[in-house]
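Coordinates from final_38.csv are shown below (CSV, C-alpha atoms).
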```
chain,number,residue,atom,x,y,z
A,265,MET,CA,52.2,-64.8,-91.6
A,266,SER,CA,55.0,-67.2,-91.8
A,267,GLU,CA,58.4,-66.4,-93.4
A,268,LEU,CA,57.8,-69.2,-95.9
A,269,ILE,CA,54.5,-67.8,-97.2
A,270,THR,CA,56.0,-64.3,-97.3
A,271,LYS,CA,58.8,-65.6,-99.6
A,272,LEU,CA,56.3,-67.6,-101.8
A,273,GLU,CA,54.0,-64.5,-102.2
A,274,GLU,CA,56.7,-62.5,-104.1
A,275,GLY,CA,56.4,-62.4,-107.8
A,276,ASP,CA,53.7,-63.0,-110.4
A,277,LEU,CA,52.6,-66.2,-112.2
A,278,ARG,CA,55.5,-65.9,-114.6
A,279,SER,CA,58.1,-65.8,-111.8
A,280,VAL,CA,59.6,-68.4,-109.5
A,281,GLY,CA,60.1,-65.5,-107.1
A,282,ARG,CA,62.1,-66.5,-104.0
A,283,VAL,CA,61.7,-70.3,-104.5
A,284,PRO,CA,65.5,-70.7,-104.3
A,285,GLU,CA,65.4,-69.2,-100.8
A,286,VAL,CA,62.5,-71.5,-99.9
A,287,LEU,CA,64.6,-74.5,-101.0
A,288,SER,CA,67.4,-73.4,-98.8
A,289,MET,CA,65.0,-72.9,-95.9
A,290,ILE,CA,63.7,-76.4,-96.2
A,291,ALA,CA,67.2,-77.8,-96.6
A,292,ASP,CA,68.1,-76.2,-93.2
A,293,GLN,CA,64.7,-76.8,-91.6
A,294,PRO,CA,63.1,-80.0,-93.1
A,295,HIS,CA,60.2,-79.7,-90.6
A,296,LEU,CA,59.0,-76.8,-92.8
A,297,PHE,CA,58.2,-79.1,-95.7
A,298,SER,CA,54.8,-79.7,-94.2
A,299,GLU,CA,54.0,-76.0,-94.3
A,300,LEU,CA,55.3,-75.9,-97.9
A,301,ILE,CA,52.9,-78.8,-98.8
A,302,GLN,CA,50.0,-77.0,-97.2
A,303,ALA,CA,50.9,-73.8,-99.2
A,304,MET,CA,50.0,-75.7,-102.4
A,305,ALA,CA,46.4,-75.1,-101.4
A,306,HIS,CA,46.9,-71.4,-100.4
A,307,PRO,CA,44.2,-69.0,-101.6
A,308,ASN,CA,46.9,-67.0,-103.6
A,309,PRO,CA,47.5,-68.7,-107.0
A,310,GLY,CA,51.1,-67.4,-107.0
A,311,VAL,CA,51.8,-69.0,-103.7
A,312,ARG,CA,50.2,-72.3,-104.9
A,313,MET,CA,52.3,-72.2,-108.0
A,314,ARG,CA,55.6,-71.5,-106.3
A,315,ALA,CA,54.9,-74.0,-103.4
A,316,SER,CA,54.2,-76.7,-106.0
A,317,ASP,CA,57.4,-75.8,-107.8
A,318,ALA,CA,59.4,-76.0,-104.6
A,319,VAL,CA,57.8,-79.3,-103.6
A,320,GLU,CA,58.6,-80.8,-107.0
A,321,LYS,CA,62.2,-79.6,-106.8
A,322,ILE,CA,62.8,-80.9,-103.3
A,323,SER,CA,61.1,-84.2,-104.0
A,324,ARG,CA,63.6,-84.9,-106.8
A,325,THR,CA,66.2,-85.8,-104.2
A,326,LYS,CA,64.0,-86.3,-101.1
A,327,PRO,CA,61.0,-88.2,-102.4
A,328,GLU,CA,60.5,-89.6,-98.8
A,329,TYR,CA,59.4,-86.1,-97.7
A,330,LEU,CA,56.2,-86.6,-99.8
A,331,GLN,CA,55.0,-89.9,-98.2
A,332,PRO,CA,53.4,-88.4,-95.0
A,333,HIS,CA,51.4,-86.1,-97.3
A,334,LYS,CA,50.3,-88.7,-99.8
A,335,SER,CA,46.6,-88.5,-98.9
A,336,PHE,CA,46.6,-84.7,-99.2
A,337,LEU,CA,48.3,-84.8,-102.6
A,338,LEU,CA,46.1,-87.5,-104.0
A,339,ASP,CA,42.8,-86.6,-102.5
A,340,GLN,CA,42.9,-82.8,-102.4
A,341,MET,CA,45.6,-81.5,-104.7
A,342,MET,CA,44.7,-83.6,-107.7
A,343,GLU,CA,41.4,-81.8,-107.7
A,344,VAL,CA,43.1,-78.3,-108.3
A,345,TYR,CA,42.5,-76.9,-111.7
A,346,GLN,CA,45.4,-74.4,-111.7
A,347,GLN,CA,47.7,-75.5,-114.6
A,348,GLU,CA,50.9,-74.6,-112.8
A,349,VAL,CA,50.0,-76.8,-109.8
A,350,ARG,CA,48.8,-79.6,-112.1
A,351,TRP,CA,52.0,-79.8,-114.1
A,352,HIS,CA,54.1,-80.0,-110.9
A,353,LEU,CA,51.7,-82.6,-109.4
A,354,ALA,CA,52.2,-84.7,-112.5
A,355,GLN,CA,55.9,-84.7,-111.8
A,356,ILE,CA,55.4,-85.4,-108.1
A,357,VAL,CA,52.8,-88.2,-108.0
A,358,PRO,CA,55.1,-90.9,-109.6
A,359,ARG,CA,57.6,-90.3,-106.7
A,360,LEU,CA,55.0,-91.5,-104.1
A,361,GLU,CA,54.9,-95.0,-102.9
A,362,LEU,CA,51.4,-96.0,-104.0
A,363,SER,CA,49.2,-99.0,-103.3
A,364,PRO,CA,47.5,-100.6,-106.3
A,365,GLU,CA,44.3,-98.7,-105.5
A,366,GLU,CA,46.1,-95.4,-105.0
A,367,ARG,CA,48.0,-95.9,-108.3
A,368,SER,CA,44.7,-96.5,-110.1
A,369,ARG,CA,43.1,-93.4,-108.6
A,370,ALA,CA,46.1,-91.3,-109.5
A,371,ALA,CA,46.2,-92.7,-113.0
A,372,ASP,CA,42.5,-91.9,-113.5
A,373,LYS,CA,43.2,-88.3,-112.5
A,374,LEU,CA,46.3,-88.1,-114.7
A,375,PHE,CA,44.3,-89.4,-117.6
A,376,SER,CA,41.9,-86.5,-117.1
A,377,PHE,CA,44.9,-84.1,-117.1
A,378,LEU,CA,45.5,-85.2,-120.7
A,379,ASP,CA,42.4,-83.0,-121.5
A,380,ASP,CA,43.8,-79.9,-119.8
A,381,SER,CA,44.2,-76.8,-122.0
A,382,SER,CA,47.9,-76.6,-121.0
A,383,LYS,CA,50.3,-78.6,-123.2
A,384,ILE,CA,52.8,-78.6,-120.3
A,385,VAL,CA,50.1,-80.3,-118.1
A,386,GLN,CA,49.4,-82.8,-120.8
A,387,THR,CA,53.0,-83.7,-121.5
A,388,ASN,CA,53.8,-84.0,-117.8
A,389,ALA,CA,50.7,-86.1,-117.2
A,390,LEU,CA,51.7,-88.4,-120.1
A,391,GLN,CA,55.2,-88.9,-118.6
A,392,ALA,CA,53.7,-89.5,-115.2
A,393,LEU,CA,51.3,-92.2,-116.6
A,394,VAL,CA,54.2,-94.0,-118.2
A,395,ASP,CA,56.2,-93.8,-114.9
A,396,LEU,CA,53.3,-95.2,-113.0
A,397,ALA,CA,52.5,-97.9,-115.6
A,398,TRP,CA,55.7,-99.9,-115.0
A,399,GLU,CA,54.3,-101.4,-111.8
A,400,ASP,CA,50.8,-102.3,-113.2
A,401,ASP,CA,50.2,-104.5,-116.2
A,402,ASP,CA,46.6,-103.3,-116.8
A,403,LEU,CA,47.6,-99.7,-116.5
A,404,PHE,CA,50.6,-100.4,-118.8
A,405,SER,CA,48.3,-101.6,-121.5
A,406,LYS,CA,46.0,-98.5,-121.2
A,407,VAL,CA,48.9,-96.1,-121.2
A,408,ARG,CA,50.5,-97.7,-124.2
A,409,VAL,CA,47.2,-97.3,-126.2
A,410,GLU,CA,46.9,-93.7,-125.1
A,411,VAL,CA,50.6,-92.9,-125.9
A,412,LYS,CA,50.1,-94.4,-129.4
A,413,ARG,CA,47.0,-92.4,-129.9
A,414,LEU,CA,48.6,-89.1,-128.8
A,415,ALA,CA,51.7,-89.7,-130.9
A,416,ASP,CA,49.5,-89.5,-134.0
A,417,THR,CA,46.8,-87.0,-132.9
A,418,ALA,CA,47.9,-84.6,-130.3
A,419,SER,CA,49.4,-81.1,-130.5
A,420,PRO,CA,53.1,-81.0,-131.6
A,421,ALA,CA,54.4,-80.8,-128.0
A,422,VAL,CA,52.3,-83.7,-126.7
A,423,SER,CA,52.9,-85.7,-129.9
A,424,ASN,CA,56.6,-85.2,-129.6
A,425,ARG,CA,56.7,-86.5,-126.0
A,426,ALA,CA,54.4,-89.4,-126.9
A,427,GLY,CA,56.8,-90.2,-129.8
A,428,LYS,CA,59.7,-90.3,-127.4
A,429,LEU,CA,57.9,-92.5,-124.9
A,430,LEU,CA,56.5,-95.0,-127.4
A,431,PRO,CA,59.7,-96.9,-128.0
A,432,LEU,CA,60.1,-97.4,-124.2
A,433,LEU,CA,56.7,-99.0,-124.1
A,434,GLU,CA,57.3,-101.2,-127.1
A,435,ASP,CA,60.3,-103.0,-125.7
```
Could you render the structure as structure tokens?
Amino acid sequence: MSELITKLEEGDLRSVGRVPEVLSMIADQPHLFSELIQAMAHPNPGVRMRASDAVEKISRTKPEYLQPHKSFLLDQMMEVYQQEVRWHLAQIVPRLELSPEERSRAADKLFSFLDDSSKIVQTNALQALVDLAWEDDDLFSKVRVEVKRLADTASPAVSNRAGKLLPLLED
């Protein structure tokens, strides 16, 4: 078993475990990012969660690391139902360079995330949809309608996020 997976295995679903050490490993050995991406589909839910967390954190400053893995992220990972993976995917997907067709497919999946039982998944999906919508007029219109609806009807957490996003979409 690899050192990366060993570090990701430590901890339960409420713990980031040794993610800071994994981030340092990737900073020193960027070629390990591919292994980290693959760990998002590991059989162990804790490994999947911590790998997703690490990928999200790395992609904040190195979004270019994601691009070679775009198909894997869009085609396989967007089908995962684990909430901790989904909320990180919602943060990651807008960092990808997407074709119009890929953007449309990603948006469709993110719209489905709005029905997730996790409010974190819902709020992150809503933010991701807004981020994707800036480059697509049709998507922008759909997202604006959904944000308006959620501002009035969603749970307090989702409604609050929608309320903060709505003024951005009105300008």
Between CA of Val385 (chain A) and CA of Glu273 (chain A), measure the distance and give it in Å to one decimal.
22.8 Å
If we count all atoms listed in the file, what is near Ile322 (chain A) at a cut-off of 9 Å, once residues fewer than 6 positions away on the same chain are taken out, given as a ChimeraX atom specification?
/A:287,290-291,329
Could you check the closest approach to Pro309 (chain A) for each of A:Val283, A:Leu330, A:Leu393, A:Leu277 and tell me which residue wins, using all atoms listed in the file?
A:Leu277
Write out as a ChimeraX atom specification the residues lying within 8 Å of Ile269 (chain A), counting only C-alpha atoms and excluding same-chain residues fewer than 3 positions away.
/A:265-266,272-273,303,311
Nearest to Met341 (chain A): which of A:Ser382, A:Thr325, A:Ser316, A:Thr417 is it, counting only C-alpha atoms?
A:Ser316
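The residue that comes closest to Met342 (chain A), out of A:Ala426, A:Ile356, A:Leu432, A:Leu268 and on the basis of only C-alpha atoms, is A:Ile356.
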Because some atoms of region 276-293 of chain A are absent here, can you restore N, CA and C atoms and send them as a PDB file, in the coordinates of the input?
```pdb
ATOM      1  N   ASP A 276      54.966 -62.732-109.740  1.00  0.00           N
ATOM      2  CA  ASP A 276      53.700 -63.000-110.400  1.00  0.00           C
ATOM      3  C   ASP A 276      53.723 -64.446-110.942  1.00  0.00           C
ATOM      4  N   LEU A 277      52.709 -64.811-111.707  1.00  0.00           N
ATOM      5  CA  LEU A 277      52.600 -66.200-112.200  1.00  0.00           C
ATOM      6  C   LEU A 277      53.639 -66.561-113.239  1.00  0.00           C
ATOM      7  N   ARG A 278      54.447 -65.608-113.649  1.00  0.00           N
ATOM      8  CA  ARG A 278      55.500 -65.900-114.600  1.00  0.00           C
ATOM      9  C   ARG A 278      56.884 -65.996-113.911  1.00  0.00           C
ATOM     10  N   SER A 279      56.878 -65.913-112.592  1.00  0.00           N
ATOM     11  CA  SER A 279      58.100 -65.800-111.800  1.00  0.00           C
ATOM     12  C   SER A 279      58.215 -66.879-110.757  1.00  0.00           C
ATOM     13  N   VAL A 280      59.408 -67.448-110.612  1.00  0.00           N
ATOM     14  CA  VAL A 280      59.600 -68.400-109.500  1.00  0.00           C
ATOM     15  C   VAL A 280      59.865 -67.594-108.201  1.00  0.00           C
ATOM     16  N   GLY A 281      59.980 -66.277-108.301  1.00  0.00           N
ATOM     17  CA  GLY A 281      60.100 -65.500-107.100  1.00  0.00           C
ATOM     18  C   GLY A 281      61.296 -65.891-106.258  1.00  0.00           C
ATOM     19  N   ARG A 282      61.022 -66.156-104.998  1.00  0.00           N
ATOM     20  CA  ARG A 282      62.100 -66.500-104.000  1.00  0.00           C
ATOM     21  C   ARG A 282      62.109 -68.001-103.728  1.00  0.00           C
ATOM     22  N   VAL A 283      61.675 -68.819-104.692  1.00  0.00           N
ATOM     23  CA  VAL A 283      61.700 -70.300-104.500  1.00  0.00           C
ATOM     24  C   VAL A 283      63.112 -70.760-104.125  1.00  0.00           C
ATOM     25  N   PRO A 284      64.193 -70.249-104.745  1.00  0.00           N
ATOM     26  CA  PRO A 284      65.500 -70.700-104.300  1.00  0.00           C
ATOM     27  C   PRO A 284      65.769 -70.511-102.815  1.00  0.00           C
ATOM     28  N   GLU A 285      65.271 -69.412-102.268  1.00  0.00           N
ATOM     29  CA  GLU A 285      65.400 -69.200-100.800  1.00  0.00           C
ATOM     30  C   GLU A 285      64.583 -70.166-100.023  1.00  0.00           C
ATOM     31  N   VAL A 286      63.396 -70.496-100.538  1.00  0.00           N
ATOM     32  CA  VAL A 286      62.500 -71.500 -99.900  1.00  0.00           C
ATOM     33  C   VAL A 286      63.219 -72.839 -99.863  1.00  0.00           C
ATOM     34  N   LEU A 287      63.848 -73.199-100.967  1.00  0.00           N
ATOM     35  CA  LEU A 287      64.600 -74.500-101.000  1.00  0.00           C
ATOM     36  C   LEU A 287      65.674 -74.522 -99.977  1.00  0.00           C
ATOM     37  N   SER A 288      66.376 -73.427 -99.806  1.00  0.00           N
ATOM     38  CA  SER A 288      67.400 -73.400 -98.800  1.00  0.00           C
ATOM     39  C   SER A 288      66.831 -73.465 -97.373  1.00  0.00           C
ATOM     40  N   MET A 289      65.687 -72.815 -97.170  1.00  0.00           N
ATOM     41  CA  MET A 289      65.000 -72.900 -95.900  1.00  0.00           C
ATOM     42  C   MET A 289      64.679 -74.339 -95.517  1.00  0.00           C
ATOM     43  N   ILE A 290      64.123 -75.057 -96.492  1.00  0.00           N
ATOM     44  CA  ILE A 290      63.700 -76.400 -96.200  1.00  0.00           C
ATOM     45  C   ILE A 290      64.935 -77.323 -96.027  1.00  0.00           C
ATOM     46  N   ALA A 291      66.007 -77.057 -96.744  1.00  0.00           N
ATOM     47  CA  ALA A 291      67.200 -77.800 -96.600  1.00  0.00           C
ATOM     48  C   ALA A 291      67.762 -77.674 -95.130  1.00  0.00           C
ATOM     49  N   ASP A 292      67.649 -76.466 -94.603  1.00  0.00           N
ATOM     50  CA  ASP A 292      68.100 -76.200 -93.200  1.00  0.00           C
ATOM     51  C   ASP A 292      67.101 -76.601 -92.167  1.00  0.00           C
ATOM     52  N   GLN A 293      65.817 -76.573 -92.523  1.00  0.00           N
ATOM     53  CA  GLN A 293      64.700 -76.800 -91.600  1.00  0.00           C
ATOM     54  C   GLN A 293      63.707 -77.769 -92.210  1.00  0.00           C
TER      55      GLN A 293
END
```
